[in-house]
Amino acid sequence: MSTSQKKLARYDVIIIGGGHAGCEAANSAASMGASTLLLTTSLDTIGLLACSPSFGGPGRGQLLTEIDAMGGLMPRIIDETAIHFRQSGKDTIRQAPFAICDRSRYHRHIKSRLEKTENLHIKQDTAQSIVFSGGKWEARCITGQIFKAKCLVVTAGTFLRGRTSLGKSKQKAGRNNEIGADGLAKCLVELDFNLGIFRTGTGPTVKPRTLAASLEKQQYDEPPLFCSRATKIKGPRQVHTYKTHTSAQTIKIVKKQQNNQLVGPRYCPSLLDRIVKFPQKKEHPVFLQPESLQKQEWFLNGISMDFDEEIQQKVVASIRGLSEAETIRPGYSVAYRYLKPGQLTGNLESKNHRGLFFAGQVTGSNGYEEAAALGLVAGKNAALKAKKHPCSELERNRFTSVLVGDITSKKITEPYRMLLSRVAGAKLPSKIEDFTIPYSMDFSAIGLSQEAIEKLNRFQPATINEALKLDIPEKSIQALALYLERQNK
Ligand SMILES: Cc1cc2nc3c(=O)[nH]c(=O)nc-3n(C[C@H](O)[C@H](O)[C@H](O)COP(=O)(O)OP(=O)(O)OC[C@H]3O[C@@H](n4cnc5c(N)ncnc54)[C@H](O)[C@@H]3O)c2cc1C
């Protein structure tokens, strides 16, 4: 390494990984005045939306509001790049932003924002190991470069010993065709970290010109509920999205694949998981979300699967209104290593290795908003530590502090997702109308009338207030509210 390279290679904070946790960690550390390096395997995947192009909704929308209040980037970038805003829990205390972004625009905007951030340097390289030497953390990369810093934040997402599956095809990869981080995972084990295995997966995308006109239209909101208080001007043109349902034929095809599937904790639940867990459900909702204003590609949200491509095409064709749809990108799943709870402090710093922080999917969480909130907390605390200041408190941010508290101290059996019901204040609404109804709840287990079960399954209301608008018999509503109240206690 030349003398000038050595000089460049010293920082206050290094962030490994340019996903959602890494982007927020880099932005928050640099904004605190720490000289920061964002080290990531590919500059072309900074802030990539690996699954659905959507953000927010119950729980996650509240997280976005807090990220905004803490000075995070994600809410502003969503507002700049969203092509569909539709708030959830409208007119209730659960109101939260929901938006579908143009995938390519989101990546370009967040990358450009980071490139302009003072104190922040961005480099394309892959950290193969991390070493504590001479009072500093070193990130040793596959190119031979070594970068040093007082603090280091690992945000390697699903890449730690990542293994993807698409039917019979298995790859050593952190995401589709992207090199995994086996070296870093091995190094963490050598540093005595206790790693577990989780899985997650995504659904296929289809060509829009083959979609039937009979699909249920979901209107965008006008005016939109922005994710950031700072947003004043509308971004790109807005488009409607669509909703449909699986059919009896879908269930038949998917059930045949049951024996070929890998098992293990995972989120989002695959279509197979949904069908097996809720055998009484005759149909499951499928949401059609545009990938971009420029692309002829729509994401099918709700049918995460990793079957052979041929089977995936059959599943898609069995969905109502999609018989002519052509699958372009098949869904797939990924198994990866994460840090089991109990190894991090409430500041997301390792208990045994001071100056080493973690955030995002590597901590056992799942989701863009969760990763961003955790990244923000870890980046801020790493910067404070590097500057020898006390770490920051989270008390005023309820959802973020519950998220951090849960992933650092509770037993986690599947990738952790933020839900309204996890937050104490949100668990005990003052009025029964405000009770949140969990997504994919099994209504047939509570003894409701057949009419009520059918309506609830069909319309999937988010709250009792929404259920009341479905003209469901009063006794069924009362039984549902009583059941939810008991669950929340
Ligand atoms: C197939 C799939 C399906 C998913 N489905 C959903 C879903 O339905 N809903 C949902 O909310 N979330 C879903 N997720 C999860 C979502 O993508 C993550 O929760 C979120 O992106 C986590 O952010 P992160 O920053 O922790 O990691 P990521 O976004 O995965 O980013 C990790 C970054 O680290 C980089 N990196 C890794 N190792 C190294 C290294 N050694 N050196 C340098 N750089 C490195 C990678 O290149 C990448 O840029 C899915 C993810 C995948 C892969």
# chains A, B, ... in the order shown; residues from 1 in each chain; ligands from 1
$ residues_near_ligand --ligand "ligand 1" --cutoff "6 Å" --atoms "only C-alpha atoms and all ligand atoms" --output "PyMOL selection string"
chain A and resi 16-22+39-42+45-46+50-52+125-128+155-159+175+181+184+200-202+268+332-334+360-361+366-368+371
$ write_last_selection --atoms "N, CA and C atoms" --output "short mmCIF file (atom, residue, chain, number, x, y, z; two decimals), in the first residue's frame"
data_model
loop_
_atom_site.label_atom_id
_atom_site.label_comp_id
_atom_site.auth_asym_id
_atom_site.auth_seq_id
_atom_site.Cartn_x
_atom_site.Cartn_y
_atom_site.Cartn_z
N ILE A 16 -19.53 -1.24 7.10
CA ILE A 16 -19.42 -2.31 6.10
C ILE A 16 -20.82 -2.62 5.58
N GLY A 17 -21.07 -2.34 4.30
CA GLY A 17 -22.36 -2.65 3.68
C GLY A 17 -23.15 -1.39 3.35
N GLY A 18 -23.58 -1.28 2.10
CA GLY A 18 -24.32 -0.09 1.65
C GLY A 18 -25.79 -0.37 1.43
N GLY A 19 -26.39 -1.21 2.29
CA GLY A 19 -27.84 -1.45 2.24
C GLY A 19 -28.54 -0.36 3.03
N HIS A 20 -29.76 -0.65 3.50
CA HIS A 20 -30.55 0.38 4.18
C HIS A 20 -29.97 0.74 5.54
N ALA A 21 -29.44 -0.26 6.25
CA ALA A 21 -28.80 0.02 7.54
C ALA A 21 -27.52 0.81 7.30
N GLY A 22 -26.73 0.38 6.31
CA GLY A 22 -25.44 1.02 6.02
C GLY A 22 -25.59 2.47 5.58
N LEU A 39 -18.03 1.25 3.08
CA LEU A 39 -17.34 0.24 2.29
C LEU A 39 -18.38 -0.78 1.83
N THR A 40 -18.56 -0.90 0.53
CA THR A 40 -19.62 -1.81 0.09
C THR A 40 -19.20 -2.58 -1.16
N THR A 41 -19.71 -3.80 -1.29
CA THR A 41 -19.27 -4.68 -2.37
C THR A 41 -19.55 -4.11 -3.75
N SER A 42 -20.68 -3.43 -3.94
CA SER A 42 -20.95 -2.83 -5.25
C SER A 42 -21.62 -1.47 -5.09
N THR A 45 -25.39 -1.22 -6.06
CA THR A 45 -26.50 -1.77 -5.28
C THR A 45 -26.72 -0.99 -3.98
N ILE A 46 -26.17 0.21 -3.90
CA ILE A 46 -26.39 1.03 -2.69
C ILE A 46 -27.89 1.30 -2.55
N ALA A 50 -34.42 -5.03 -2.12
CA ALA A 50 -34.22 -6.43 -2.51
C ALA A 50 -35.52 -7.18 -2.74
N CYS A 51 -36.61 -6.63 -2.21
CA CYS A 51 -37.87 -7.37 -2.32
C CYS A 51 -38.93 -6.43 -2.88
N SER A 52 -39.96 -6.19 -2.10
CA SER A 52 -41.04 -5.32 -2.56
C SER A 52 -40.53 -3.87 -2.70
N ASP A 125 -15.56 -2.23 -2.27
CA ASP A 125 -14.66 -3.33 -1.91
C ASP A 125 -15.43 -4.25 -0.95
N THR A 126 -14.93 -5.46 -0.78
CA THR A 126 -15.60 -6.40 0.12
C THR A 126 -14.70 -6.73 1.30
N ALA A 127 -15.20 -6.48 2.51
CA ALA A 127 -14.42 -6.79 3.71
C ALA A 127 -14.42 -8.31 3.91
N GLN A 128 -13.23 -8.87 3.98
CA GLN A 128 -13.15 -10.31 4.17
C GLN A 128 -12.99 -10.67 5.63
N THR A 155 -23.00 -3.99 8.67
CA THR A 155 -24.39 -4.02 8.18
C THR A 155 -24.42 -4.87 6.90
N ALA A 156 -24.03 -6.13 7.04
CA ALA A 156 -23.84 -6.99 5.86
C ALA A 156 -25.13 -7.66 5.37
N GLY A 157 -26.29 -7.30 5.94
CA GLY A 157 -27.59 -7.79 5.43
C GLY A 157 -27.69 -9.31 5.42
N THR A 158 -28.17 -9.85 4.29
CA THR A 158 -28.37 -11.30 4.18
C THR A 158 -27.12 -11.98 3.59
N PHE A 159 -25.98 -11.28 3.67
CA PHE A 159 -24.78 -11.78 2.97
C PHE A 159 -23.90 -12.70 3.80
N ARG A 175 -27.56 -12.31 -2.17
CA ARG A 175 -28.82 -12.03 -2.85
C ARG A 175 -28.66 -12.63 -4.23
N ALA A 181 -20.85 -13.07 1.83
CA ALA A 181 -19.73 -12.66 2.69
C ALA A 181 -19.35 -13.83 3.61
N LEU A 184 -16.32 -12.90 6.06
CA LEU A 184 -16.71 -12.08 7.21
C LEU A 184 -17.47 -12.92 8.24
N THR A 200 -35.20 -15.76 4.26
CA THR A 200 -36.23 -14.85 3.78
C THR A 200 -36.39 -15.09 2.28
N GLY A 201 -37.38 -14.51 1.69
CA GLY A 201 -37.58 -14.77 0.26
C GLY A 201 -38.40 -13.68 -0.38
N THR A 202 -38.47 -13.76 -1.69
CA THR A 202 -39.19 -12.74 -2.44
C THR A 202 -40.04 -13.38 -3.53
N CYS A 268 -40.33 -12.67 4.63
CA CYS A 268 -41.77 -12.74 4.69
C CYS A 268 -42.24 -14.18 4.54
N TYR A 332 -37.14 -16.05 -5.24
CA TYR A 332 -36.10 -16.94 -4.72
C TYR A 332 -36.02 -16.73 -3.21
N SER A 333 -35.28 -17.58 -2.53
CA SER A 333 -35.11 -17.37 -1.09
C SER A 333 -33.62 -17.36 -0.74
N VAL A 334 -33.32 -16.87 0.44
CA VAL A 334 -31.92 -16.84 0.88
C VAL A 334 -31.84 -17.25 2.35
N GLY A 360 -29.16 -3.71 11.22
CA GLY A 360 -29.88 -4.27 10.06
C GLY A 360 -30.11 -5.76 10.18
N GLN A 361 -30.25 -6.39 9.02
CA GLN A 361 -30.61 -7.82 8.96
C GLN A 361 -29.65 -8.70 9.76
N ASN A 366 -35.78 -7.74 10.15
CA ASN A 366 -36.15 -7.90 8.75
C ASN A 366 -36.86 -6.65 8.28
N GLY A 367 -36.51 -6.17 7.11
CA GLY A 367 -37.25 -5.04 6.56
C GLY A 367 -36.38 -3.81 6.40
N TYR A 368 -36.77 -3.01 5.40
CA TYR A 368 -36.00 -1.80 5.08
C TYR A 368 -36.04 -0.79 6.22
N ALA A 371 -34.10 -1.87 9.28
CA ALA A 371 -32.66 -1.76 9.02
C ALA A 371 -32.23 -0.30 9.13
#
$ select_by_dssp --residues "stretch 141-214 of chain A" --states "strand (DSSP E or B)" --output "NGL selection string"
:A and (141 or 146-154 or 163-166 or 169-175 or 178-179 or 195-202 or 205-206)
$ residues_around --residues "stretch 306-323 of chain A" --least-positions-apart "2" --cutoff "7 Å" --atoms "only C-alpha atoms" --output "list in words"
Ser165, Leu166, Gly167, Lys168, Leu211, Ala212, Ser214, Leu215, Thr244, His245, Thr246, Ser247, Gln249, Thr250, Ile253, Ala325, Thr327, Pro330, Gly331, Tyr332 and Ser333 of chain A
$ write_last_selection --atoms "C-alpha atoms" --output "PDB file, in the first residue's frame"
ATOM      1  CA  SER A 165     -32.370 -21.145  -3.605  1.00  0.00           C
ATOM      2  CA  LEU A 166     -34.410 -21.070  -6.803  1.00  0.00           C
ATOM      3  CA  GLY A 167     -35.907 -24.502  -7.338  1.00  0.00           C
ATOM      4  CA  LYS A 168     -33.066 -27.007  -7.609  1.00  0.00           C
ATOM      5  CA  LEU A 211     -52.569  -8.150 -16.845  1.00  0.00           C
ATOM      6  CA  ALA A 212     -56.371  -8.479 -17.023  1.00  0.00           C
ATOM      7  CA  SER A 214     -60.662  -7.046 -14.099  1.00  0.00           C
ATOM      8  CA  LEU A 215     -58.062  -6.557 -11.319  1.00  0.00           C
ATOM      9  CA  THR A 244     -56.162  -9.738  -6.684  1.00  0.00           C
ATOM     10  CA  HIS A 245     -56.361 -13.168  -5.007  1.00  0.00           C
ATOM     11  CA  THR A 246     -54.970 -16.648  -5.394  1.00  0.00           C
ATOM     12  CA  SER A 247     -57.417 -19.406  -6.447  1.00  0.00           C
ATOM     13  CA  GLN A 249     -55.829 -24.011  -8.384  1.00  0.00           C
ATOM     14  CA  THR A 250     -52.981 -21.991  -6.777  1.00  0.00           C
ATOM     15  CA  ILE A 253     -50.067 -26.359  -7.298  1.00  0.00           C
ATOM     16  CA  ALA A 325     -49.173 -12.741 -17.197  1.00  0.00           C
ATOM     17  CA  THR A 327     -43.135 -14.092 -15.281  1.00  0.00           C
ATOM     18  CA  PRO A 330     -38.672 -15.551 -10.600  1.00  0.00           C
ATOM     19  CA  GLY A 331     -38.875 -15.345  -6.801  1.00  0.00           C
ATOM     20  CA  TYR A 332     -36.097 -16.944  -4.718  1.00  0.00           C
ATOM     21  CA  SER A 333     -35.111 -17.371  -1.087  1.00  0.00           C
TER      22      SER A 333
END
$ select_by_dssp --residues "stretch 201-308 of chain A" --states "helix (DSSP H, G or I)" --output "number ranges by chain"
A: 208-210, 248-256, 258-260, 271-277
$ write_last_selection --atoms "N, CA and C atoms" --output "CSV table (one decimal), in the first residue's frame"
chain,number,residue,atom,x,y,z
A,208,PRO,N,-46.5,-6.1,-17.4
A,208,PRO,CA,-47.9,-5.5,-17.1
A,208,PRO,C,-48.8,-5.6,-18.3
A,209,ARG,N,-48.3,-5.6,-19.6
A,209,ARG,CA,-49.3,-5.6,-20.6
A,209,ARG,C,-50.2,-6.8,-20.7
A,210,THR,N,-49.8,-7.9,-19.9
A,210,THR,CA,-50.5,-9.1,-20.0
A,210,THR,C,-51.5,-9.2,-18.8
A,248,ALA,N,-58.3,-21.6,-6.0
A,248,ALA,CA,-58.2,-23.0,-5.5
A,248,ALA,C,-57.0,-23.8,-6.3
A,249,GLN,N,-56.9,-23.4,-7.6
A,249,GLN,CA,-55.8,-24.0,-8.4
A,249,GLN,C,-54.4,-23.7,-7.8
A,250,THR,N,-54.3,-22.4,-7.3
A,250,THR,CA,-53.0,-22.0,-6.8
A,250,THR,C,-52.6,-22.9,-5.6
A,251,ILE,N,-53.6,-23.1,-4.7
A,251,ILE,CA,-53.4,-24.0,-3.5
A,251,ILE,C,-53.0,-25.4,-3.9
A,252,LYS,N,-53.6,-25.9,-5.0
A,252,LYS,CA,-53.3,-27.2,-5.4
A,252,LYS,C,-51.8,-27.3,-5.9
A,253,ILE,N,-51.4,-26.3,-6.7
A,253,ILE,CA,-50.1,-26.4,-7.3
A,253,ILE,C,-49.0,-26.2,-6.2
A,254,VAL,N,-49.3,-25.3,-5.3
A,254,VAL,CA,-48.3,-25.0,-4.2
A,254,VAL,C,-48.2,-26.2,-3.3
A,255,LYS,N,-49.3,-26.8,-2.9
A,255,LYS,CA,-49.3,-27.9,-2.0
A,255,LYS,C,-48.5,-29.1,-2.5
A,256,LYS,N,-48.5,-29.3,-3.8
A,256,LYS,CA,-47.7,-30.4,-4.4
A,256,LYS,C,-46.2,-30.2,-4.2
A,258,GLN,N,-44.8,-29.1,-1.4
A,258,GLN,CA,-44.5,-29.0,0.0
A,258,GLN,C,-43.3,-29.9,0.4
A,259,ASN,N,-43.1,-31.0,-0.2
A,259,ASN,CA,-42.0,-31.9,0.2
A,259,ASN,C,-40.7,-31.5,-0.4
A,260,ASN,N,-40.7,-30.6,-1.4
A,260,ASN,CA,-39.4,-30.2,-2.0
A,260,ASN,C,-38.8,-29.0,-1.3
A,271,LEU,N,-45.6,-18.1,0.2
A,271,LEU,CA,-47.0,-18.5,-0.2
A,271,LEU,C,-47.3,-19.9,0.4
A,272,LEU,N,-46.3,-20.8,0.3
A,272,LEU,CA,-46.4,-22.1,0.9
A,272,LEU,C,-46.7,-22.1,2.4
A,273,ASP,N,-46.0,-21.2,3.1
A,273,ASP,CA,-46.2,-21.1,4.6
A,273,ASP,C,-47.6,-20.6,4.8
A,274,ARG,N,-48.1,-19.7,4.1
A,274,ARG,CA,-49.4,-19.1,4.3
A,274,ARG,C,-50.5,-20.2,4.1
A,275,ILE,N,-50.3,-21.0,3.0
A,275,ILE,CA,-51.3,-22.0,2.7
A,275,ILE,C,-51.3,-23.1,3.7
A,276,VAL,N,-50.0,-23.5,4.2
A,276,VAL,CA,-50.0,-24.6,5.2
A,276,VAL,C,-50.5,-24.1,6.6
A,277,LYS,N,-50.2,-22.8,6.9
A,277,LYS,CA,-50.6,-22.3,8.3
A,277,LYS,C,-52.1,-22.0,8.3
$ atom_distance --atom1 "atom CA of A:Leu160" --atom2 "atom CA of A:Gly174"
7.0 Å
$ closest_residue --among "A:Lys410, A:Lys123, A:Lys281, A:Lys455" --to "A:Lys469" --atoms "only C-alpha atoms"
A:Lys455
$ atom_distance --atom1 "atom CA of A:Tyr338" --atom2 "atom CA of A:Cys101"
27.6 Å
$ residues_around --residues "A:Ala69" --least-positions-apart "3" --cutoff "10 Å" --atoms "only C-alpha atoms" --output "NGL selection string"
:A and (63-66 or 72 or 75 or 228-230 or 397)
$ atom_distance --atom1 "atom CA of A:Leu448" --atom2 "atom CA of A:Glu474"
10.4 Å
$ residues_around --residues "A:Ile15" --least-positions-apart "2" --cutoff "10 Å" --atoms "only C-alpha atoms" --output "MDAnalysis selection string"
chainID A and resid 13 17:18 21:26 29 36:40 122 139 149 151:156 357:359 375 378:379 382
$ closest_residue --among "A:Phe98, A:Trp298, A:Tyr336, A:Phe198" --to "A:Tyr242" --atoms "only C-alpha atoms"
A:Trp298
$ residues_around --residues "stretch 189-192 of chain A" --least-positions-apart "5" --cutoff "10 Å" --atoms "only C-alpha atoms" --output "JSON, numbers by chain"
{"A": [130, 131, 184, 339, 352, 353]}
$ write_last_selection --atoms "C-alpha atoms" --output "PDB file, in the first residue's frame"
ATOM      1  CA  ILE A 130     -12.168  -7.481  10.619  1.00  0.00           C
ATOM      2  CA  VAL A 131      -9.284  -7.315  13.083  1.00  0.00           C
ATOM      3  CA  LEU A 184     -16.708 -12.080   7.210  1.00  0.00           C
ATOM      4  CA  LEU A 339     -26.180 -12.484  15.424  1.00  0.00           C
ATOM      5  CA  ASN A 352     -17.330  -8.280  24.158  1.00  0.00           C
ATOM      6  CA  HIS A 353     -15.681  -6.226  21.407  1.00  0.00           C
TER       7      HIS A 353
END
$ closest_residue --among "A:Gly71, A:Gly364, A:Pro53, A:Gly61" --to "A:Ser31" --atoms "only C-alpha atoms"
A:Gly71
$ residues_around --residues "A:Phe193" --least-positions-apart "6" --cutoff "12 Å" --atoms "only C-alpha atoms" --output "JSON, numbers by chain"
{"A": [184, 185, 186, 187, 337, 338, 339, 340, 341, 342, 343, 344, 350, 351, 352, 353, 356, 358, 362, 363]}
$ closest_residue --among "A:Phe299, A:Phe55, A:Phe226, A:Phe399" --to "A:Lys243" --atoms "only C-alpha atoms"
A:Phe299
$ closest_residue --among "A:Leu468, A:Ile233, A:Leu384, A:Ala82" --to "A:Asp12" --atoms "only C-alpha atoms"
A:Leu384
$ closest_residue --among "A:Pro223, A:Gly203, A:Gly355, A:Pro236" --to "A:Phe287" --atoms "only C-alpha atoms"
A:Gly203
$ decode --residues "stretch 166-183 of chain A" --atoms "N, CA and C atoms" --output "PDB file, in the first residue's frame"
ATOM      1  N   LEU A 166     -33.368 -21.281  -5.788  1.00  0.00           N
ATOM      2  CA  LEU A 166     -34.410 -21.070  -6.803  1.00  0.00           C
ATOM      3  C   LEU A 166     -34.645 -22.451  -7.394  1.00  0.00           C
ATOM      4  N   GLY A 167     -35.681 -23.120  -6.926  1.00  0.00           N
ATOM      5  CA  GLY A 167     -35.907 -24.502  -7.338  1.00  0.00           C
ATOM      6  C   GLY A 167     -34.708 -25.361  -6.951  1.00  0.00           C
ATOM      7  N   LYS A 168     -34.210 -26.127  -7.916  1.00  0.00           N
ATOM      8  CA  LYS A 168     -33.066 -27.007  -7.609  1.00  0.00           C
ATOM      9  C   LYS A 168     -31.747 -26.245  -7.607  1.00  0.00           C
ATOM     10  N   SER A 169     -31.762 -25.018  -8.102  1.00  0.00           N
ATOM     11  CA  SER A 169     -30.506 -24.267  -8.189  1.00  0.00           C
ATOM     12  C   SER A 169     -30.177 -23.581  -6.862  1.00  0.00           C
ATOM     13  N   LYS A 170     -29.011 -23.912  -6.311  1.00  0.00           N
ATOM     14  CA  LYS A 170     -28.558 -23.301  -5.046  1.00  0.00           C
ATOM     15  C   LYS A 170     -27.259 -22.564  -5.337  1.00  0.00           C
ATOM     16  N   GLN A 171     -27.100 -21.382  -4.755  1.00  0.00           N
ATOM     17  CA  GLN A 171     -25.872 -20.610  -4.991  1.00  0.00           C
ATOM     18  C   GLN A 171     -25.313 -20.072  -3.692  1.00  0.00           C
ATOM     19  N   LYS A 172     -23.979 -19.899  -3.667  1.00  0.00           N
ATOM     20  CA  LYS A 172     -23.353 -19.190  -2.545  1.00  0.00           C
ATOM     21  C   LYS A 172     -23.525 -17.716  -2.868  1.00  0.00           C
ATOM     22  N   ALA A 173     -24.555 -17.086  -2.341  1.00  0.00           N
ATOM     23  CA  ALA A 173     -24.813 -15.682  -2.685  1.00  0.00           C
ATOM     24  C   ALA A 173     -25.618 -15.009  -1.583  1.00  0.00           C
ATOM     25  N   GLY A 174     -25.374 -13.709  -1.384  1.00  0.00           N
ATOM     26  CA  GLY A 174     -26.101 -12.950  -0.356  1.00  0.00           C
ATOM     27  C   GLY A 174     -27.463 -12.512  -0.858  1.00  0.00           C
ATOM     28  N   ARG A 175     -27.561 -12.314  -2.172  1.00  0.00           N
ATOM     29  CA  ARG A 175     -28.820 -12.027  -2.852  1.00  0.00           C
ATOM     30  C   ARG A 175     -28.664 -12.634  -4.227  1.00  0.00           C
ATOM     31  N   ASN A 176     -29.674 -12.512  -5.061  1.00  0.00           N
ATOM     32  CA  ASN A 176     -29.597 -13.119  -6.386  1.00  0.00           C
ATOM     33  C   ASN A 176     -28.313 -12.716  -7.110  1.00  0.00           C
ATOM     34  N   ASN A 177     -27.455 -13.685  -7.396  1.00  0.00           N
ATOM     35  CA  ASN A 177     -26.218 -13.468  -8.180  1.00  0.00           C
ATOM     36  C   ASN A 177     -25.235 -12.477  -7.557  1.00  0.00           C
ATOM     37  N   GLU A 178     -25.385 -12.121  -6.287  1.00  0.00           N
ATOM     38  CA  GLU A 178     -24.420 -11.219  -5.649  1.00  0.00           C
ATOM     39  C   GLU A 178     -23.576 -12.021  -4.665  1.00  0.00           C
ATOM     40  N   ILE A 179     -22.285 -11.848  -4.760  1.00  0.00           N
ATOM     41  CA  ILE A 179     -21.333 -12.610  -3.954  1.00  0.00           C
ATOM     42  C   ILE A 179     -21.647 -12.492  -2.450  1.00  0.00           C
ATOM     43  N   GLY A 180     -21.629 -13.612  -1.731  1.00  0.00           N
ATOM     44  CA  GLY A 180     -21.914 -13.610  -0.296  1.00  0.00           C
ATOM     45  C   GLY A 180     -20.685 -13.198   0.509  1.00  0.00           C
ATOM     46  N   ALA A 181     -20.850 -13.071   1.832  1.00  0.00           N
ATOM     47  CA  ALA A 181     -19.729 -12.664   2.690  1.00  0.00           C
ATOM     48  C   ALA A 181     -19.346 -13.830   3.607  1.00  0.00           C
ATOM     49  N   ASP A 182     -18.814 -14.897   3.011  1.00  0.00           N
ATOM     50  CA  ASP A 182     -18.433 -16.069   3.799  1.00  0.00           C
ATOM     51  C   ASP A 182     -17.244 -15.758   4.707  1.00  0.00           C
ATOM     52  N   GLY A 183     -16.275 -14.983   4.168  1.00  0.00           N
ATOM     53  CA  GLY A 183     -15.071 -14.647   4.938  1.00  0.00           C
ATOM     54  C   GLY A 183     -15.436 -13.880   6.209  1.00  0.00           C
TER      55      GLY A 183
END
